[in-house]
>>> print(open('start_24.tsv').read())   # TSV, C-alpha atoms
chain	number	residue	atom	x	y	z
A	416	GLY	CA	-99.57	-11.52	-36.64
A	417	ALA	CA	-97.30	-9.67	-39.01
A	418	GLY	CA	-95.80	-6.45	-37.80
A	419	VAL	CA	-94.92	-3.30	-39.71
A	420	SER	CA	-92.62	-4.07	-42.60
A	421	GLN	CA	-90.38	-1.69	-44.51
A	422	THR	CA	-88.53	-2.10	-47.78
A	423	PRO	CA	-85.76	-1.91	-48.65
A	424	SER	CA	-83.91	-2.53	-45.41
A	425	ASN	CA	-80.90	-0.67	-46.79
A	426	LYS	CA	-80.61	1.84	-49.60
A	427	VAL	CA	-77.43	3.39	-50.96
A	428	THR	CA	-77.81	6.20	-53.46
A	429	GLU	CA	-75.84	9.05	-54.92
A	430	LYS	CA	-76.35	12.69	-54.16
A	431	GLY	CA	-79.04	14.15	-56.37
A	432	LYS	CA	-80.88	10.90	-57.01
A	433	TYR	CA	-84.53	10.12	-56.23
A	434	VAL	CA	-85.49	7.42	-53.72
A	435	GLU	CA	-88.68	5.76	-52.57
A	436	LEU	CA	-89.10	4.01	-49.25
A	437	ARG	CA	-92.04	1.70	-48.66
A	438	CYS	CA	-94.00	0.92	-45.52
A	439	ASP	CA	-96.56	-1.86	-45.01
A	440	PRO	CA	-98.49	-1.19	-41.80
A	441	ILE	CA	-100.17	-3.75	-39.58
A	442	SER	CA	-103.37	-4.92	-41.24
A	443	GLY	CA	-106.35	-2.89	-40.10
A	444	HIS	CA	-104.34	0.00	-38.70
A	445	THR	CA	-105.79	3.30	-39.86
A	446	ALA	CA	-102.99	5.61	-38.72
A	447	LEU	CA	-99.50	5.58	-40.20
A	448	TYR	CA	-96.46	7.61	-39.21
A	449	TRP	CA	-93.01	8.31	-40.63
A	450	TYR	CA	-90.04	9.24	-38.47
A	451	ARG	CA	-86.36	9.82	-39.20
A	452	GLN	CA	-83.58	8.74	-36.85
A	453	SER	CA	-80.12	10.18	-37.28
A	454	LEU	CA	-77.09	8.58	-35.69
A	455	GLY	CA	-77.08	9.03	-31.93
A	456	GLN	CA	-80.49	10.71	-31.87
A	457	GLY	CA	-84.04	9.76	-31.09
A	458	PRO	CA	-86.56	9.44	-33.90
A	459	GLU	CA	-87.98	12.71	-35.24
A	460	PHE	CA	-91.51	12.98	-36.57
A	461	LEU	CA	-91.98	13.58	-40.28
A	462	ILE	CA	-95.60	12.98	-41.25
A	463	TYR	CA	-98.77	11.26	-40.10
A	464	PHE	CA	-101.62	9.78	-42.14
A	465	GLN	CA	-105.14	9.09	-41.02
A	466	GLY	CA	-106.54	6.88	-43.75
A	467	THR	CA	-105.45	8.21	-47.12
A	468	GLY	CA	-104.86	11.79	-46.11
A	469	ALA	CA	-101.82	13.41	-44.58
A	470	ALA	CA	-103.23	14.82	-41.35
A	471	ASP	CA	-99.97	16.39	-40.18
A	472	ASP	CA	-96.90	16.92	-42.38
A	473	SER	CA	-95.28	19.52	-40.17
A	474	GLY	CA	-92.14	17.44	-39.70
A	475	LEU	CA	-91.16	17.18	-43.35
A	476	PRO	CA	-87.89	19.14	-43.55
A	477	ASN	CA	-88.46	20.68	-46.99
A	478	ASP	CA	-90.30	20.22	-50.27
A	479	ARG	CA	-87.90	17.50	-51.44
A	480	PHE	CA	-89.74	15.14	-49.10
A	481	PHE	CA	-93.18	13.82	-49.95
A	482	ALA	CA	-95.27	10.87	-48.79
A	483	VAL	CA	-98.40	9.19	-50.06
A	484	ARG	CA	-100.84	6.56	-48.87
A	485	PRO	CA	-103.25	6.25	-51.79
A	486	GLU	CA	-105.38	3.35	-50.59
A	487	GLY	CA	-105.11	3.89	-46.87
A	488	SER	CA	-102.71	1.02	-46.32
A	489	VAL	CA	-99.21	0.97	-47.85
A	490	SER	CA	-97.31	4.24	-47.74
A	491	THR	CA	-94.35	5.49	-49.74
A	492	LEU	CA	-91.93	8.17	-48.60
A	493	LYS	CA	-90.34	9.91	-51.56
A	494	ILE	CA	-87.17	11.96	-51.45
A	495	GLN	CA	-86.11	14.03	-54.46
A	496	ARG	CA	-82.61	15.34	-55.18
A	497	THR	CA	-81.15	13.51	-52.21
A	498	GLU	CA	-78.46	15.20	-50.15
A	499	ARG	CA	-75.81	13.68	-47.88
A	500	GLY	CA	-77.66	15.12	-44.92
A	501	ASP	CA	-80.65	12.91	-45.74
A	502	SER	CA	-78.64	9.87	-44.62
A	503	ALA	CA	-80.51	8.34	-41.67
A	504	VAL	CA	-82.76	5.49	-40.68
A	505	TYR	CA	-86.33	6.11	-41.79
A	506	LEU	CA	-88.86	4.50	-39.47
A	507	CYS	CA	-92.48	3.77	-40.16
A	508	ALA	CA	-95.08	3.12	-37.47
A	509	SER	CA	-98.77	2.32	-37.45
A	510	SER	CA	-101.52	2.38	-34.86
A	511	LEU	CA	-105.02	0.96	-34.80
A	512	GLU	CA	-106.47	4.42	-34.52
A	513	ALA	CA	-105.14	7.88	-34.01
A	514	GLY	CA	-105.60	9.72	-30.78
A	515	GLY	CA	-105.01	9.39	-27.11
A	516	SER	CA	-102.57	6.83	-25.83
A	517	GLU	CA	-102.78	4.53	-28.84
A	518	THR	CA	-99.56	2.57	-29.20
A	519	GLN	CA	-97.50	3.20	-32.31
A	520	TYR	CA	-95.91	-0.01	-33.57
A	521	PHE	CA	-92.64	0.50	-35.39
A	522	GLY	CA	-91.08	-1.28	-38.31
A	523	PRO	CA	-87.37	-2.17	-38.50
A	524	GLY	CA	-86.58	0.89	-40.60
A	525	THR	CA	-84.85	1.63	-43.87
A	526	ARG	CA	-81.24	2.72	-43.56
A	527	LEU	CA	-80.58	5.34	-46.23
A	528	LEU	CA	-77.03	6.30	-47.17
A	529	VAL	CA	-76.48	9.14	-49.61
A	530	LEU	CA	-72.98	9.22	-51.05
B	1437	ALA	CA	-92.60	23.19	-27.62
B	1438	GLN	CA	-92.78	19.84	-25.95
B	1439	SER	CA	-89.40	18.35	-25.09
B	1440	VAL	CA	-88.04	15.26	-23.45
B	1441	THR	CA	-84.76	15.00	-21.56
B	1442	GLN	CA	-83.03	11.73	-20.88
B	1443	LEU	CA	-80.18	12.20	-18.44
B	1444	GLY	CA	-77.25	9.96	-19.22
B	1445	SER	CA	-76.64	8.88	-22.80
B	1446	HIS	CA	-74.85	5.79	-21.48
B	1447	VAL	CA	-75.63	3.81	-18.34
B	1448	SER	CA	-73.76	0.73	-17.17
B	1449	VAL	CA	-74.99	-1.59	-14.43
B	1450	SER	CA	-73.88	-4.96	-13.17
B	1451	GLU	CA	-76.00	-8.01	-13.87
B	1452	GLY	CA	-78.50	-8.35	-11.03
B	1453	ALA	CA	-78.28	-4.67	-10.06
B	1454	LEU	CA	-81.03	-2.06	-10.17
B	1455	VAL	CA	-81.63	-0.35	-13.50
B	1456	LEU	CA	-82.70	3.31	-13.39
B	1457	LEU	CA	-83.10	5.31	-16.60
B	1458	ARG	CA	-84.22	8.91	-16.23
B	1459	CYS	CA	-86.77	10.83	-18.26
B	1460	ASN	CA	-88.12	14.33	-17.70
B	1461	TYR	CA	-90.64	16.11	-19.88
B	1462	SER	CA	-91.64	19.72	-20.27
B	1463	SER	CA	-95.35	20.32	-20.45
B	1464	SER	CA	-97.87	22.31	-18.48
B	1465	VAL	CA	-100.41	19.54	-18.97
B	1466	PRO	CA	-99.41	15.94	-18.26
B	1467	PRO	CA	-99.00	14.26	-21.62
B	1468	TYR	CA	-99.09	10.63	-22.58
B	1469	LEU	CA	-95.69	9.09	-21.87
B	1470	PHE	CA	-93.99	6.08	-23.39
B	1471	TRP	CA	-90.83	4.05	-23.02
B	1472	TYR	CA	-89.52	2.18	-26.06
B	1473	VAL	CA	-86.57	-0.20	-26.34
B	1474	GLN	CA	-84.44	-0.63	-29.45
B	1475	TYR	CA	-82.25	-3.68	-29.87
B	1476	PRO	CA	-79.45	-3.56	-32.47
B	1477	ASN	CA	-80.80	-3.59	-36.03
B	1478	GLN	CA	-84.37	-3.88	-34.81
B	1479	GLY	CA	-87.32	-1.54	-34.63
B	1480	LEU	CA	-88.58	0.21	-31.55
B	1481	GLN	CA	-90.61	-1.95	-29.19
B	1482	LEU	CA	-93.00	-0.53	-26.61
B	1483	LEU	CA	-92.03	-1.31	-23.02
B	1484	LEU	CA	-94.82	0.57	-21.27
B	1485	LYS	CA	-96.97	3.69	-21.41
B	1486	TYR	CA	-98.61	6.13	-19.03
B	1487	THR	CA	-102.23	6.89	-19.79
B	1488	SER	CA	-103.32	8.61	-16.55
B	1489	ALA	CA	-105.02	5.46	-15.27
B	1490	ALA	CA	-102.28	4.79	-12.70
B	1491	THR	CA	-99.07	6.57	-11.80
B	1492	LEU	CA	-97.08	3.33	-11.47
B	1493	VAL	CA	-97.02	1.54	-14.77
B	1494	LYS	CA	-95.79	-2.01	-15.26
B	1495	GLY	CA	-94.43	-3.09	-18.60
B	1496	ILE	CA	-92.84	-6.04	-20.30
B	1497	ASN	CA	-89.63	-7.78	-19.26
B	1498	GLY	CA	-89.97	-6.70	-15.63
B	1499	PHE	CA	-89.71	-2.97	-16.29
B	1500	GLU	CA	-91.85	-0.36	-14.62
B	1501	ALA	CA	-92.06	3.42	-14.54
B	1502	GLU	CA	-93.59	5.93	-12.17
B	1503	PHE	CA	-95.24	9.15	-13.32
B	1504	LYS	CA	-94.47	12.03	-10.95
B	1505	LYS	CA	-96.31	15.20	-11.95
B	1506	SER	CA	-94.56	17.37	-9.37
B	1507	GLU	CA	-91.19	16.39	-10.80
B	1508	THR	CA	-92.37	16.14	-14.44
B	1509	SER	CA	-90.61	12.79	-14.54
B	1510	PHE	CA	-91.26	9.29	-15.83
B	1511	HIS	CA	-88.19	7.27	-14.84
B	1512	LEU	CA	-87.82	3.65	-15.91
B	1513	THR	CA	-86.69	1.01	-13.44
B	1514	LYS	CA	-86.04	-2.70	-13.19
B	1515	PRO	CA	-85.05	-4.35	-9.90
B	1516	SER	CA	-82.54	-6.81	-11.34
B	1517	ALA	CA	-80.73	-6.36	-14.64
B	1518	HIS	CA	-80.28	-9.21	-17.09
B	1519	MET	CA	-77.73	-9.44	-19.86
B	1520	SER	CA	-80.61	-9.42	-22.35
B	1521	ASP	CA	-81.57	-5.89	-21.20
B	1522	ALA	CA	-78.61	-4.40	-23.04
B	1523	ALA	CA	-80.17	-2.07	-25.61
B	1524	GLU	CA	-81.05	1.57	-26.30
B	1525	TYR	CA	-84.00	2.99	-24.42
B	1526	PHE	CA	-86.10	5.94	-25.56
B	1527	CYS	CA	-88.59	8.01	-23.61
B	1528	ALA	CA	-91.30	9.69	-25.68
B	1529	VAL	CA	-94.23	12.03	-25.07
B	1530	LYS	CA	-97.41	12.80	-26.92
B	1531	ASN	CA	-99.65	15.76	-26.18
B	1532	PHE	CA	-103.41	15.76	-26.31
B	1533	GLY	CA	-104.67	16.48	-29.79
B	1534	ASN	CA	-101.26	15.92	-31.33
B	1535	GLU	CA	-100.43	12.58	-32.89
B	1536	LYS	CA	-96.68	12.84	-33.11
B	1537	LEU	CA	-94.33	11.27	-30.60
B	1538	THR	CA	-91.48	13.45	-29.39
B	1539	PHE	CA	-88.52	11.32	-28.40
B	1540	GLY	CA	-85.59	11.89	-26.11
B	1541	THR	CA	-82.06	11.30	-27.36
B	1542	GLY	CA	-81.94	7.83	-25.85
B	1543	THR	CA	-79.94	6.01	-23.19
B	1544	ARG	CA	-77.70	3.12	-24.09
B	1545	LEU	CA	-77.80	0.51	-21.34
B	1546	THR	CA	-74.82	-1.80	-20.91
B	1547	ILE	CA	-74.93	-4.78	-18.55
B	1548	ILE	CA	-71.67	-5.82	-16.91
B	1549	PRO	CA	-71.36	-9.57	-16.28
>>> encode(input="start_24.tsv", output="structure tokens")
Amino acid sequence: GAGVSQTPSNKVTEKGKYVELRCDPISGHTALYWYRQSLGQGPEFLIYFQGTGAADDSGLPNDRFFAVRPEGSVSTLKIQRTERGDSAVYLCASSLEAGGSETQYFGPGTRLLVL
Amino acid sequence: AQSVTQLGSHVSVSEGALVLLRCNYSSSVPPYLFWYVQYPNQGLQLLLKYTSAATLVKGINGFEAEFKKSETSFHLTKPSAHMSDAAEYFCAVKNFGNEKLTFGTGTRLTIIP
């Protein structure tokens, strides 16, 4: 079956602009996660959704970052007033359910470059 | 706070040789543990996970890992390396009641022909 998909695969923007990154989880998966991976680092947690609600947004670095999942499926990560330090690969993952040892399945990521 | 340490950011082994990638975690309670592999320009793929059912866990592509509570370790091994194993490998932990994965900094595995 189809895996997690993310669009766009690459995004180049200018400092100060607004960007939206989209994630389509595996069909039927109730939990959705966003991570950010900087060059040479492991992914870092940003936010987790259970259904439509953000159950844990403790990883969002500041109030310029916001994410939604209005219908409990597709999610959009929104970044306002982008800064050069926001350049990274943004990864989305989904799991059938939250909790325990449930496997998180990752998408290919969106590579964001802020000039 | 939970942390994961992967010793060796780069590991090189000859084709056919043993692969050993190290992972140590810090937690007073054994967490759930995962190994993911990342091929160039691809997403993370699960290799295997520890769920407390068995301390020796077998995964895909001939990889396995052993959970050792006394050493707080979850090292990844493969008896015989293939060229196709060249990739970046990440160890990750998840605590009970917490949904986020905490990743190590990764180990880049190079296979020498």
>>> interface_residues(input="start_24.tsv", of="chain A", to="chain B", cutoff="10 Å", atoms="only C-alpha atoms", output="ChimeraX atom specification")
/A:419-420,424,446,448-450,452,455-464,470-471,473-474,506-508,513-524,526
>>> atom_distance(input="start_24.tsv", atom1="CA of Pro1476 (chain B)", atom2="CA of Glu435 (chain A)")
24.0 Å
>>> atom_distance(input="start_24.tsv", atom1="CA of Thr1508 (chain B)", atom2="CA of His1446 (chain B)")
21.5 Å
>>> axis_aligned_box(input="start_24.tsv", around="region 460-465 of chain A", padding_each_side="8 Å", output="lines of an AutoDock Vina configuration file")
center_x = -98.3
center_y = 11.3
center_z = -39.4
size_x = 29.6
size_y = 20.5
size_z = 21.6
>>> atom_distance(input="start_24.tsv", atom1="CA of Pro1466 (chain B)", atom2="CA of Tyr505 (chain A)")
28.7 Å
>>> residues_around(input="start_24.tsv", residues="Ser502 (chain A)", least_positions_apart="6", cutoff="9 Å", atoms="all atoms listed in the file", output="PDB file with C-alpha atoms, in the frame of the given file")
ATOM      1  CA  SER A 453     -80.120  10.180 -37.280  1.00  0.00           C
ATOM      2  CA  ARG A 526     -81.240   2.720 -43.560  1.00  0.00           C
ATOM      3  CA  LEU A 527     -80.580   5.340 -46.230  1.00  0.00           C
ATOM      4  CA  LEU A 528     -77.030   6.300 -47.170  1.00  0.00           C
ATOM      5  CA  VAL A 529     -76.480   9.140 -49.610  1.00  0.00           C
ATOM      6  CA  LEU A 530     -72.980   9.220 -51.050  1.00  0.00           C
TER       7      LEU A 530
END
>>> closest_residue(input="start_24.tsv", among="B:Asn1460, B:Ser1506, B:Thr1513, B:Ser1448", to="Ile1548 (chain B)", atoms="only C-alpha atoms")
B:Ser1448
>>> residues_around(input="start_24.tsv", residues="Asn477 (chain A)", least_positions_apart="3", cutoff="12 Å", atoms="only C-alpha atoms", output="ChimeraX atom specification")
/A:461-462,472-474,480-481,493-498,501
